[in-house]
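Asker: Got a file for you: structure.csv, CSV, C-alpha atoms.
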```
chain,number,residue,atom,x,y,z
A,9,MET,CA,72.5,-20.7,-31.0
A,10,THR,CA,72.9,-17.3,-29.5
A,11,LYS,CA,72.9,-16.0,-26.0
A,12,ALA,CA,69.5,-14.5,-26.8
A,13,ASP,CA,68.2,-17.9,-27.9
A,14,LEU,CA,69.4,-19.5,-24.7
A,15,THR,CA,67.9,-16.8,-22.6
A,16,GLU,CA,64.6,-17.3,-24.3
A,17,VAL,CA,64.8,-21.1,-23.6
A,18,GLN,CA,65.5,-20.4,-19.9
A,19,TYR,CA,62.5,-18.0,-19.6
A,20,PHE,CA,60.4,-20.6,-21.3
A,21,ALA,CA,61.6,-23.3,-18.8
A,22,ASN,CA,60.7,-21.0,-15.9
A,23,SER,CA,57.3,-20.4,-17.4
A,24,LEU,CA,56.7,-24.2,-17.1
A,25,GLY,CA,58.0,-24.1,-13.5
A,26,VAL,CA,61.5,-25.4,-14.1
A,27,GLY,CA,63.6,-22.8,-12.2
A,28,VAL,CA,66.8,-22.8,-14.3
A,29,THR,CA,69.1,-19.9,-13.9
A,30,ILE,CA,68.6,-17.2,-16.6
A,31,ASP,CA,72.2,-16.5,-17.7
A,32,GLY,CA,72.1,-17.1,-21.5
A,33,ARG,CA,74.5,-20.1,-21.2
A,34,ASN,CA,73.8,-23.7,-22.3
A,35,GLY,CA,74.7,-25.2,-19.0
A,36,TYR,CA,73.8,-28.7,-17.6
A,37,PHE,CA,70.3,-27.9,-16.4
A,38,THR,CA,69.4,-25.9,-19.5
A,39,ARG,CA,70.6,-28.7,-21.8
A,40,ARG,CA,68.8,-31.3,-19.7
A,41,PHE,CA,65.5,-29.3,-20.0
A,42,VAL,CA,65.9,-28.8,-23.7
A,43,LYS,CA,66.5,-32.6,-24.2
A,44,MET,CA,63.4,-33.4,-22.2
A,45,PHE,CA,61.3,-30.9,-24.3
A,46,GLN,CA,62.7,-32.2,-27.6
A,47,ASP,CA,61.9,-35.8,-26.7
A,48,THR,CA,58.4,-35.2,-25.4
A,49,PHE,CA,56.8,-32.3,-27.3
A,50,GLN,CA,53.9,-33.7,-29.2
A,51,ILE,CA,51.8,-30.7,-30.3
A,52,GLY,CA,54.0,-30.9,-33.4
A,53,ASP,CA,52.4,-34.3,-34.3
A,54,TYR,CA,49.3,-32.5,-35.4
A,55,SER,CA,50.6,-29.0,-36.2
A,56,GLY,CA,53.4,-29.6,-38.6
A,57,VAL,CA,56.5,-29.3,-36.4
A,58,GLY,CA,57.0,-33.1,-36.2
A,59,ARG,CA,59.6,-34.9,-34.1
A,60,LEU,CA,62.5,-32.9,-32.8
A,61,VAL,CA,66.1,-34.0,-32.8
A,62,VAL,CA,67.1,-34.8,-29.1
A,63,ASP,CA,70.5,-33.1,-28.8
A,64,GLY,CA,70.0,-30.4,-26.1
A,65,ILE,CA,70.7,-27.7,-28.6
A,66,PRO,CA,67.9,-25.2,-29.1
A,67,GLY,CA,68.1,-24.8,-32.8
A,68,PRO,CA,65.4,-23.0,-35.0
A,69,LYS,CA,63.0,-25.9,-35.0
A,70,THR,CA,63.2,-26.4,-31.2
A,71,LEU,CA,62.8,-22.7,-30.6
A,72,ALA,CA,59.7,-22.6,-32.9
A,73,ALA,CA,58.3,-25.6,-31.0
A,74,MET,CA,58.9,-23.9,-27.7
A,75,ARG,CA,57.1,-20.7,-28.9
A,76,MET,CA,54.2,-22.9,-30.1
A,77,CYS,CA,54.0,-24.7,-26.8
A,78,LYS,CA,54.0,-21.3,-24.9
A,79,ALA,CA,51.2,-20.0,-27.2
A,80,GLU,CA,49.2,-23.2,-26.5
A,81,GLY,CA,49.5,-22.7,-22.7
A,82,GLY,CA,52.4,-25.0,-22.1
A,83,ARG,CA,50.8,-28.1,-23.8
A,84,VAL,CA,53.0,-31.1,-24.3
A,85,SER,CA,50.2,-32.7,-26.4
A,86,ARG,CA,46.6,-32.0,-27.5
A,87,HIS,CA,45.1,-32.6,-24.0
A,88,PHE,CA,48.0,-32.4,-21.5
A,89,ARG,CA,50.2,-29.7,-20.2
A,90,TYR,CA,53.8,-30.0,-18.9
A,91,LYS,CA,52.8,-28.6,-15.5
A,92,GLU,CA,50.5,-31.6,-14.9
A,93,PHE,CA,53.6,-33.8,-14.8
A,94,ARG,CA,55.7,-31.5,-12.6
A,95,ASN,CA,57.3,-32.5,-9.3
A,96,LYS,CA,55.1,-31.6,-6.4
A,97,GLY,CA,58.1,-30.8,-4.3
A,98,SER,CA,61.0,-28.4,-5.1
A,99,LEU,CA,60.9,-26.6,-8.4
A,100,THR,CA,64.6,-25.9,-8.3
A,101,PRO,CA,66.5,-28.3,-10.6
A,102,THR,CA,69.4,-30.3,-9.1
A,103,VAL,CA,71.3,-33.3,-10.4
A,104,SER,CA,68.6,-35.6,-8.9
A,105,ASN,CA,65.6,-33.3,-9.4
A,106,HIS,CA,64.5,-32.7,-13.0
A,107,VAL,CA,61.3,-30.8,-11.9
A,108,ILE,CA,59.7,-32.1,-15.1
A,109,ARG,CA,60.8,-35.5,-16.4
A,110,LEU,CA,58.6,-37.2,-18.9
A,111,GLU,CA,58.7,-40.1,-21.3
A,112,ARG,CA,57.1,-39.5,-24.7
A,113,GLU,CA,55.5,-43.0,-24.5
A,114,LEU,CA,53.6,-42.0,-21.3
A,115,VAL,CA,52.0,-39.0,-23.0
A,116,GLU,CA,51.1,-41.0,-26.1
A,117,GLY,CA,49.4,-43.6,-23.8
A,118,LEU,CA,47.5,-41.0,-21.9
A,119,GLU,CA,46.2,-39.5,-25.2
A,120,ARG,CA,45.0,-43.0,-26.3
A,121,LEU,CA,43.4,-43.7,-22.9
A,122,ARG,CA,41.6,-40.4,-23.0
A,123,LYS,CA,39.9,-41.3,-26.3
A,124,VAL,CA,38.1,-44.1,-24.4
A,125,THR,CA,37.6,-42.6,-20.9
A,126,GLY,CA,37.2,-38.9,-21.5
A,127,PRO,CA,39.2,-36.3,-19.7
A,128,ILE,CA,42.0,-37.6,-17.5
A,129,HIS,CA,43.1,-35.7,-14.4
A,130,ILE,CA,46.7,-36.4,-13.1
A,131,ALA,CA,47.2,-36.5,-9.4
A,132,SER,CA,50.9,-37.1,-9.5
A,133,GLY,CA,53.5,-37.3,-12.4
A,134,TYR,CA,57.2,-37.0,-12.0
A,135,ARG,CA,58.7,-37.2,-8.5
A,136,SER,CA,62.2,-36.3,-7.5
A,137,PRO,CA,63.7,-38.9,-5.2
A,138,VAL,CA,63.2,-36.6,-2.2
A,139,HIS,CA,59.6,-36.0,-3.0
A,140,ASN,CA,59.0,-39.7,-3.8
A,141,ARG,CA,60.3,-40.6,-0.3
A,142,ALA,CA,58.0,-38.0,1.3
A,143,ALA,CA,55.1,-39.3,-0.7
A,144,GLY,CA,55.8,-42.9,0.5
A,145,GLY,CA,56.8,-44.2,-2.9
A,146,VAL,CA,58.9,-47.3,-3.4
A,147,ASN,CA,62.6,-46.8,-3.9
A,148,ASN,CA,62.6,-47.6,-7.6
A,149,SER,CA,59.2,-45.9,-8.4
A,150,GLN,CA,58.5,-45.3,-12.1
A,151,HIS,CA,57.5,-41.7,-11.1
A,152,ILE,CA,61.3,-41.0,-10.6
A,153,TYR,CA,61.9,-41.8,-14.2
A,154,GLY,CA,59.0,-39.8,-15.7
A,155,ARG,CA,57.3,-43.0,-16.7
A,156,ALA,CA,54.2,-42.9,-14.4
A,157,VAL,CA,51.2,-41.0,-13.4
A,158,ASP,CA,48.6,-41.5,-10.6
A,159,LEU,CA,45.1,-40.7,-11.7
A,160,HIS,CA,42.9,-38.2,-9.8
A,161,ARG,CA,39.8,-40.5,-10.0
A,162,SER,CA,37.5,-38.3,-8.1
A,163,ARG,CA,37.7,-35.7,-10.9
A,164,MET,CA,37.1,-38.2,-13.7
A,165,ARG,CA,33.8,-39.2,-15.2
A,166,SER,CA,34.4,-42.9,-14.9
A,167,ASN,CA,36.9,-45.4,-13.5
A,168,VAL,CA,39.6,-46.7,-15.7
A,169,THR,CA,39.7,-50.5,-16.1
A,170,GLU,CA,42.8,-52.6,-16.5
A,171,ALA,CA,41.7,-53.6,-20.0
A,172,GLN,CA,41.5,-50.0,-21.0
A,173,ALA,CA,44.9,-49.2,-19.6
A,174,ARG,CA,46.6,-52.2,-21.3
A,175,ALA,CA,44.9,-51.3,-24.6
A,176,ALA,CA,46.3,-47.8,-24.3
A,177,GLY,CA,49.8,-49.3,-24.0
A,178,PHE,CA,50.5,-49.1,-20.3
A,179,SER,CA,52.6,-52.0,-19.0
A,180,GLY,CA,52.4,-51.1,-15.3
A,181,VAL,CA,48.9,-50.9,-13.7
A,182,GLY,CA,48.2,-50.2,-10.1
A,183,ILE,CA,44.7,-51.2,-9.0
A,184,GLU,CA,42.9,-49.9,-5.9
A,185,SER,CA,42.0,-53.3,-4.4
A,186,ARG,CA,40.9,-56.8,-5.3
A,187,SER,CA,37.3,-55.8,-4.5
A,188,ASN,CA,37.5,-52.5,-6.4
A,189,ASN,CA,39.2,-52.9,-9.8
A,190,SER,CA,39.6,-49.2,-10.5
A,191,VAL,CA,43.0,-48.3,-11.9
A,192,ILE,CA,44.9,-45.7,-9.8
A,193,HIS,CA,48.3,-45.8,-11.4
A,194,VAL,CA,49.6,-46.3,-15.0
A,195,ASP,CA,53.2,-46.4,-16.3
A,196,VAL,CA,55.3,-47.4,-19.2
A,197,ARG,CA,57.9,-49.6,-17.5
A,198,PRO,CA,59.8,-52.2,-19.6
A,199,THR,CA,58.0,-55.3,-18.1
A,200,PRO,CA,54.2,-55.8,-17.7
A,201,THR,CA,53.2,-55.6,-14.0
A,202,ARG,CA,50.0,-55.4,-12.0
A,203,TRP,CA,49.6,-54.8,-8.3
A,204,TYR,CA,46.9,-53.9,-5.8
A,205,TYR,CA,47.2,-51.1,-3.3
A,206,ARG,CA,45.3,-53.0,-0.6
```
Hey, can you dump this file as structure tokens for me?

Answerer:
Amino acid sequence: MTKADLTEVQYFANSLGVGVTIDGRNGYFTRRFVKMFQDTFQIGDYSGVGRLVVDGIPGPKTLAAMRMCKAEGGRVSRHFRYKEFRNKGSLTPTVSNHVIRLERELVEGLERLRKVTGPIHIASGYRSPVHNRAAGGVNNSQHIYGRAVDLHRSRMRSNVTEAQARAAGFSGVGIESRSNNSVIHVDVRPTPTRWYYR
């Protein structure tokens, strides 16, 4: 791992919107970004890179995956891009703001759901605690942990049903209302949960 490698990583992070300082050092925010990338990058599942070791060290395999991701327009998987999950508030990383925080299981579930519903549009992914409060989210929102997305239903071909969301592997399902069973929110929390927004 050279200074040039770390500088490349930092430029790559900035290309995704994560404003890490470009200094060629493997500092806290750079390591945290690398770990997130190593844990979530899934283009490799169908291109030969395979799973990456999650250690925060941008070795040759991680750097190759980052270059592939960049060449693919910042894709985390076949149909989704990292920027879709990015915080809607500040893009400057802090101890509490990851800018992009994402669970691999969430992306896998979205890919499975997309096979049934067609294109999925994400209205909200990761939220920093500050942005979560501004958005009116609950204190322990799954968005803070990178485990949740809200669906942009007006841009989708059809509504998502609870059965479809559960079959795709989502444990948390937020439904518009008891009279309209369209799913608005899906997440991969540890315990199965359902709620209605009104």

Asker: For Thr38 of chain A, find every residue with an atom within 10 Å (counting all atoms listed in the file), except residues of its own chain fewer than 5 positions away, and show them as a CSV table (one decimal) with C-alpha atoms, keeping the file's coordinate frame.

Answerer:
```
chain,number,residue,atom,x,y,z
A,14,LEU,CA,69.4,-19.5,-24.7
A,15,THR,CA,67.9,-16.8,-22.6
A,17,VAL,CA,64.8,-21.1,-23.6
A,18,GLN,CA,65.5,-20.4,-19.9
A,21,ALA,CA,61.6,-23.3,-18.8
A,26,VAL,CA,61.5,-25.4,-14.1
A,27,GLY,CA,63.6,-22.8,-12.2
A,28,VAL,CA,66.8,-22.8,-14.3
A,29,THR,CA,69.1,-19.9,-13.9
A,30,ILE,CA,68.6,-17.2,-16.6
A,31,ASP,CA,72.2,-16.5,-17.7
A,32,GLY,CA,72.1,-17.1,-21.5
A,33,ARG,CA,74.5,-20.1,-21.2
A,43,LYS,CA,66.5,-32.6,-24.2
A,44,MET,CA,63.4,-33.4,-22.2
A,64,GLY,CA,70.0,-30.4,-26.1
A,65,ILE,CA,70.7,-27.7,-28.6
A,66,PRO,CA,67.9,-25.2,-29.1
A,101,PRO,CA,66.5,-28.3,-10.6
```

Asker: Closest to His129 of chain A among A:Glu111, A:Val157, A:Gly117, A:Ser149, using all atoms listed in the file?

Answerer: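 Closest to His129 of chain A, using all atoms listed in the file: A:Val157.
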
Asker: Show me, as a list in words, the residues that have an atom within 7 Å of Thr169 of chain A when counting all atoms listed in the file, minus same-chain residues fewer than 3 positions from it.

Answerer: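 Using all atoms listed in the file, the neighbours found are Gln172, Ala173, Asn189, Ser190 and Val191 of chain A.
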
Asker: Residues near Arg197 of chain A, anyone? I mean within 9 Å using all atoms listed in the file, not counting same-chain ones fewer than 2 positions away, as a PyMOL selection string.

Answerer: chain A and resi 150+155-156+178-180+195+199-201

Asker: Which residues come within 12 Å of segment 22-24 of chain A, counting only C-alpha atoms, excluding same-chain residues fewer than 2 positions away, as an MDAnalysis selection string?

Answerer: chainID A and resid 15:20 26:30 37:38 41 45 74:75 77:79 81:84 89:95 99:101 107:108

Asker: Deliver the residues from the most recent selection as a file, using C-alpha atoms, as a JSON list (two decimals), in the frame of the given file.

Answerer:
```json
[["chain", "number", "residue", "atom", "x", "y", "z"],
["A", 15, "THR", "CA", 67.90, -16.80, -22.60],
["A", 16, "GLU", "CA", 64.60, -17.30, -24.30],
["A", 17, "VAL", "CA", 64.80, -21.10, -23.60],
["A", 18, "GLN", "CA", 65.50, -20.40, -19.90],
["A", 19, "TYR", "CA", 62.50, -18.00, -19.60],
["A", 20, "PHE", "CA", 60.40, -20.60, -21.30],
["A", 26, "VAL", "CA", 61.50, -25.40, -14.10],
["A", 27, "GLY", "CA", 63.60, -22.80, -12.20],
["A", 28, "VAL", "CA", 66.80, -22.80, -14.30],
["A", 29, "THR", "CA", 69.10, -19.90, -13.90],
["A", 30, "ILE", "CA", 68.60, -17.20, -16.60],
["A", 37, "PHE", "CA", 70.30, -27.90, -16.40],
["A", 38, "THR", "CA", 69.40, -25.90, -19.50],
["A", 41, "PHE", "CA", 65.50, -29.30, -20.00],
["A", 45, "PHE", "CA", 61.30, -30.90, -24.30],
["A", 74, "MET", "CA", 58.90, -23.90, -27.70],
["A", 75, "ARG", "CA", 57.10, -20.70, -28.90],
["A", 77, "CYS", "CA", 54.00, -24.70, -26.80],
["A", 78, "LYS", "CA", 54.00, -21.30, -24.90],
["A", 79, "ALA", "CA", 51.20, -20.00, -27.20],
["A", 81, "GLY", "CA", 49.50, -22.70, -22.70],
["A", 82, "GLY", "CA", 52.40, -25.00, -22.10],
["A", 83, "ARG", "CA", 50.80, -28.10, -23.80],
["A", 84, "VAL", "CA", 53.00, -31.10, -24.30],
["A", 89, "ARG", "CA", 50.20, -29.70, -20.20],
["A", 90, "TYR", "CA", 53.80, -30.00, -18.90],
["A", 91, "LYS", "CA", 52.80, -28.60, -15.50],
["A", 92, "GLU", "CA", 50.50, -31.60, -14.90],
["A", 93, "PHE", "CA", 53.60, -33.80, -14.80],
["A", 94, "ARG", "CA", 55.70, -31.50, -12.60],
["A", 95, "ASN", "CA", 57.30, -32.50, -9.30],
["A", 99, "LEU", "CA", 60.90, -26.60, -8.40],
["A", 100, "THR", "CA", 64.60, -25.90, -8.30],
["A", 101, "PRO", "CA", 66.50, -28.30, -10.60],
["A", 107, "VAL", "CA", 61.30, -30.80, -11.90],
["A", 108, "ILE", "CA", 59.70, -32.10, -15.10]]
```

Asker: Nearest residue to Gly126 of chain A out of A:Asn34, A:Thr70, A:Gln46, A:Asn167, using all atoms listed in the file?

Answerer: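 Of all the options, A:Asn167 lies closest to Gly126 of chain A.
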
Asker: Atoms are missing here; could segment 34-45 of chain A be completed with all heavy atoms and written as a tab-separated table (two decimals), in the frame of the given file?

Answerer:
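Written out: out-v3.tsv:
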```
chain	number	residue	atom	x	y	z
A	34	ASN	N	74.39	-22.35	-22.12
A	34	ASN	CA	73.80	-23.70	-22.30
A	34	ASN	C	74.46	-24.66	-21.30
A	34	ASN	O	75.16	-25.60	-21.66
A	34	ASN	CB	74.05	-24.17	-23.74
A	34	ASN	CG	73.09	-25.29	-24.12
A	34	ASN	OD1	72.06	-25.47	-23.48
A	34	ASN	ND2	73.42	-26.04	-25.14
A	35	GLY	N	74.19	-24.39	-20.03
A	35	GLY	CA	74.70	-25.20	-19.00
A	35	GLY	C	73.96	-26.53	-18.81
A	35	GLY	O	73.00	-26.82	-19.54
A	36	TYR	N	74.36	-27.31	-17.84
A	36	TYR	CA	73.80	-28.70	-17.60
A	36	TYR	C	72.30	-28.69	-17.52
A	36	TYR	O	71.63	-29.45	-18.22
A	36	TYR	CB	74.47	-29.30	-16.40
A	36	TYR	CG	73.87	-30.62	-16.02
A	36	TYR	CD1	74.20	-31.78	-16.73
A	36	TYR	CD2	72.96	-30.72	-14.96
A	36	TYR	CE1	73.63	-33.01	-16.39
A	36	TYR	CE2	72.40	-31.94	-14.62
A	36	TYR	CZ	72.74	-33.08	-15.33
A	36	TYR	OH	72.18	-34.28	-15.01
A	37	PHE	N	71.74	-27.86	-16.65
A	37	PHE	CA	70.30	-27.90	-16.40
A	37	PHE	C	69.51	-27.38	-17.61
A	37	PHE	O	68.42	-27.88	-17.91
A	37	PHE	CB	69.93	-27.14	-15.14
A	37	PHE	CG	70.56	-27.72	-13.90
A	37	PHE	CD1	71.40	-26.96	-13.10
A	37	PHE	CD2	70.34	-29.05	-13.55
A	37	PHE	CE1	71.99	-27.50	-11.97
A	37	PHE	CE2	70.93	-29.60	-12.43
A	37	PHE	CZ	71.76	-28.83	-11.63
A	38	THR	N	70.06	-26.40	-18.30
A	38	THR	CA	69.40	-25.90	-19.50
A	38	THR	C	69.39	-27.00	-20.58
A	38	THR	O	68.36	-27.27	-21.20
A	38	THR	CB	70.09	-24.64	-20.04
A	38	THR	OG1	70.00	-23.61	-19.04
A	38	THR	CG2	69.46	-24.16	-21.33
A	39	ARG	N	70.54	-27.66	-20.80
A	39	ARG	CA	70.60	-28.70	-21.80
A	39	ARG	C	69.67	-29.88	-21.44
A	39	ARG	O	69.01	-30.43	-22.32
A	39	ARG	CB	72.05	-29.27	-21.91
A	39	ARG	CG	73.00	-28.38	-22.68
A	39	ARG	CD	74.27	-29.11	-23.08
A	39	ARG	NE	74.88	-29.87	-22.00
A	39	ARG	CZ	75.70	-29.36	-21.10
A	39	ARG	NH1	76.02	-28.08	-21.12
A	39	ARG	NH2	76.21	-30.13	-20.15
A	40	ARG	N	69.62	-30.22	-20.17
A	40	ARG	CA	68.80	-31.30	-19.70
A	40	ARG	C	67.30	-30.97	-20.00
A	40	ARG	O	66.52	-31.81	-20.48
A	40	ARG	CB	68.99	-31.64	-18.26
A	40	ARG	CG	68.25	-32.87	-17.80
A	40	ARG	CD	68.63	-33.25	-16.39
A	40	ARG	NE	68.12	-32.31	-15.41
A	40	ARG	CZ	68.32	-32.41	-14.10
A	40	ARG	NH1	69.07	-33.39	-13.61
A	40	ARG	NH2	67.83	-31.51	-13.27
A	41	PHE	N	66.91	-29.73	-19.70
A	41	PHE	CA	65.50	-29.30	-20.00
A	41	PHE	C	65.24	-29.36	-21.47
A	41	PHE	O	64.18	-29.84	-21.89
A	41	PHE	CB	65.29	-27.88	-19.44
A	41	PHE	CG	63.98	-27.31	-19.90
A	41	PHE	CD1	62.80	-27.66	-19.29
A	41	PHE	CD2	63.94	-26.45	-20.99
A	41	PHE	CE1	61.58	-27.16	-19.74
A	41	PHE	CE2	62.73	-25.94	-21.45
A	41	PHE	CZ	61.55	-26.30	-20.82
A	42	VAL	N	66.16	-28.85	-22.29
A	42	VAL	CA	65.90	-28.80	-23.70
A	42	VAL	C	65.78	-30.26	-24.26
A	42	VAL	O	64.89	-30.53	-25.08
A	42	VAL	CB	67.10	-28.10	-24.46
A	42	VAL	CG1	66.99	-28.28	-25.98
A	42	VAL	CG2	67.09	-26.61	-24.10
A	43	LYS	N	66.60	-31.19	-23.80
A	43	LYS	CA	66.50	-32.60	-24.20
A	43	LYS	C	65.12	-33.17	-23.87
A	43	LYS	O	64.49	-33.87	-24.66
A	43	LYS	CB	67.60	-33.44	-23.63
A	43	LYS	CG	68.93	-33.27	-24.30
A	43	LYS	CD	69.95	-34.22	-23.69
A	43	LYS	CE	71.30	-34.13	-24.39
A	43	LYS	NZ	72.28	-35.06	-23.80
A	44	MET	N	64.66	-32.90	-22.64
A	44	MET	CA	63.40	-33.40	-22.20
A	44	MET	C	62.28	-32.84	-23.14
A	44	MET	O	61.39	-33.56	-23.62
A	44	MET	CB	63.09	-33.00	-20.76
A	44	MET	CG	61.74	-33.47	-20.19
A	44	MET	SD	60.29	-32.46	-20.62
A	44	MET	CE	60.69	-30.89	-19.84
A	45	PHE	N	62.34	-31.54	-23.43
A	45	PHE	CA	61.30	-30.90	-24.30
A	45	PHE	C	61.40	-31.52	-25.69
A	45	PHE	O	60.36	-31.89	-26.27
A	45	PHE	CB	61.56	-29.41	-24.35
A	45	PHE	CG	60.59	-28.71	-25.27
A	45	PHE	CD1	59.32	-28.39	-24.83
A	45	PHE	CD2	60.95	-28.41	-26.58
A	45	PHE	CE1	58.42	-27.77	-25.68
A	45	PHE	CE2	60.06	-27.80	-27.44
A	45	PHE	CZ	58.78	-27.47	-26.99
```
